[in-house]
Amino acid sequence: MSEDDGRRLIVREATVDDAAALAELIAEFNGPQGDVQETADRLLACAGLEVALLACTPGEIVGFACLRVTPAIGTRTPHALLTELYVRETYRRRGVGRALLQRAEELTRERGATDLYRFTGHQNLTAQAFYARHGYAARGVTLSRPVTPLRPRTGEGPWG
């Protein structure tokens, strides 16, 4: 990314027209998670629940983040969770991750949440350092357990 591209970086919400680029970035980050149509279907299924943000230079989409802000029964303020954040390796350490994080924080505030949570692997020291540089700190303990689906996955539709 040239100096000029860095100044022209924009972060915007993804649309179904971005499904191909988003599917490619997701595959780089998490391994293949379905084709372009499945990614487009998931974008539509998540409308109003989770938003995908894209970091774009004039020539390409170079990173993405996903933000989920949901109402909560047990608290007055919504819960906000940054579910994904990925920047292509050649664009790292150039402000792209920071720009995605800042936009996610803006949306968090706009939607009424007061805290933004991010889970990352305990072994992912690079990500932990990135978030610490931006004011994030460990809070609480996250527990998880695999849950077997009630029905076999068919591969059809956004949840199949």
# chains A, B, ... in the order shown; residues from 1 in each chain; ligands from 1

$ residues_around --residues "region 133-144 of chain A" --least-positions-apart "3" --cutoff "12 Å" --atoms "only C-alpha atoms" --output "PyMOL selection string"
chain A and resi 95+97-102+105+115-122+126-130+147

$ write_last_selection --atoms "C-alpha atoms" --output "compact mmCIF listing (two decimals), in the first residue's frame"
# COMPACT_ATOMS: atom_id res chain seq x y z
CA GLY A 95 -3.32 1.55 9.99
CA GLY A 97 -6.64 -2.75 11.51
CA ARG A 98 -6.86 0.48 13.50
CA ALA A 99 -9.29 1.96 10.93
CA LEU A 100 -11.52 -1.14 11.10
CA LEU A 101 -11.44 -1.09 14.91
CA GLN A 102 -12.26 2.62 15.04
CA GLU A 105 -16.19 1.38 17.96
CA ASP A 115 -18.37 -1.75 25.88
CA LEU A 116 -16.93 -3.56 22.89
CA TYR A 117 -15.78 -7.11 23.52
CA ARG A 118 -13.31 -9.12 21.45
CA PHE A 119 -12.38 -12.75 21.99
CA THR A 120 -9.03 -13.95 20.71
CA GLY A 121 -7.06 -17.11 21.26
CA HIS A 122 -4.82 -17.23 24.32
CA THR A 126 0.10 -10.69 18.11
CA ALA A 127 -3.65 -10.00 18.25
CA GLN A 128 -3.52 -9.50 22.02
CA ALA A 129 -0.75 -6.91 21.62
CA PHE A 130 -2.73 -5.13 18.87
CA VAL A 147 -22.56 -28.38 21.20

$ closest_atom_pairs --of "region 100-120 of chain A" --to "region 28-51 of chain A" --cutoff "12 Å" --atoms "only C-alpha atoms" --output "tab-separated table"
residue	atom	partner	partner_atom	distance
A:Arg103	CA	A:Val51	CA	11.3
A:Ala104	CA	A:Val51	CA	9.3
A:Leu107	CA	A:Val51	CA	9.6
A:Thr108	CA	A:Val51	CA	11.0
A:Arg111	CA	A:Gly48	CA	11.2

$ write_last_selection --atoms "N, CA and C atoms" --output "CSV table (one decimal), in the first residue's frame"
chain,number,residue,atom,x,y,z
A,103,ARG,N,-13.9,2.2,13.3
A,103,ARG,CA,-15.3,2.2,12.7
A,103,ARG,C,-16.2,1.3,13.6
A,104,ALA,N,-15.7,0.1,14.0
A,104,ALA,CA,-16.5,-0.8,14.8
A,104,ALA,C,-16.8,-0.1,16.1
A,107,LEU,N,-19.7,2.5,15.5
A,107,LEU,CA,-21.0,1.8,15.3
A,107,LEU,C,-21.4,1.3,16.7
A,108,THR,N,-20.5,0.8,17.5
A,108,THR,CA,-20.9,0.4,18.9
A,108,THR,C,-21.6,1.5,19.6
A,111,ARG,N,-25.0,2.6,18.3
A,111,ARG,CA,-26.1,1.6,18.6
A,111,ARG,C,-26.3,1.5,20.1

$ atom_distance --atom1 "CA of Arg12 (chain A)" --atom2 "CA of Tyr131 (chain A)"
20.9 Å

$ select_by_dssp --residues "chain A" --states "helix (DSSP H, G or I)" --output "ChimeraX atom specification"
/A:3-7,16-30,36-45,89-91,96-110,125-133

$ closest_residue --among "A:Ala132, A:Leu9, A:Ile61, A:Leu53" --to "Ala21 (chain A)" --atoms "only C-alpha atoms"
A:Ile61

$ closest_residue --among "A:Pro149, A:Ala52, A:Arg76, A:Gly59" --to "Leu25 (chain A)" --atoms "only C-alpha atoms"
A:Ala52

$ closest_residue --among "A:Leu54, A:Arg93, A:Thr114, A:Leu125" --to "Thr70 (chain A)" --atoms "only C-alpha atoms"
A:Thr114

$ atom_distance --atom1 "CA of Gly112 (chain A)" --atom2 "CA of Arg145 (chain A)"
29.7 Å

$ atom_distance --atom1 "CA of Phe64 (chain A)" --atom2 "CA of Val87 (chain A)"
6.6 Å

$ closest_residue --among "A:Thr148, A:Ala113, A:Glu24, A:Val16" --to "Pro71 (chain A)" --atoms "only C-alpha atoms"
A:Ala113
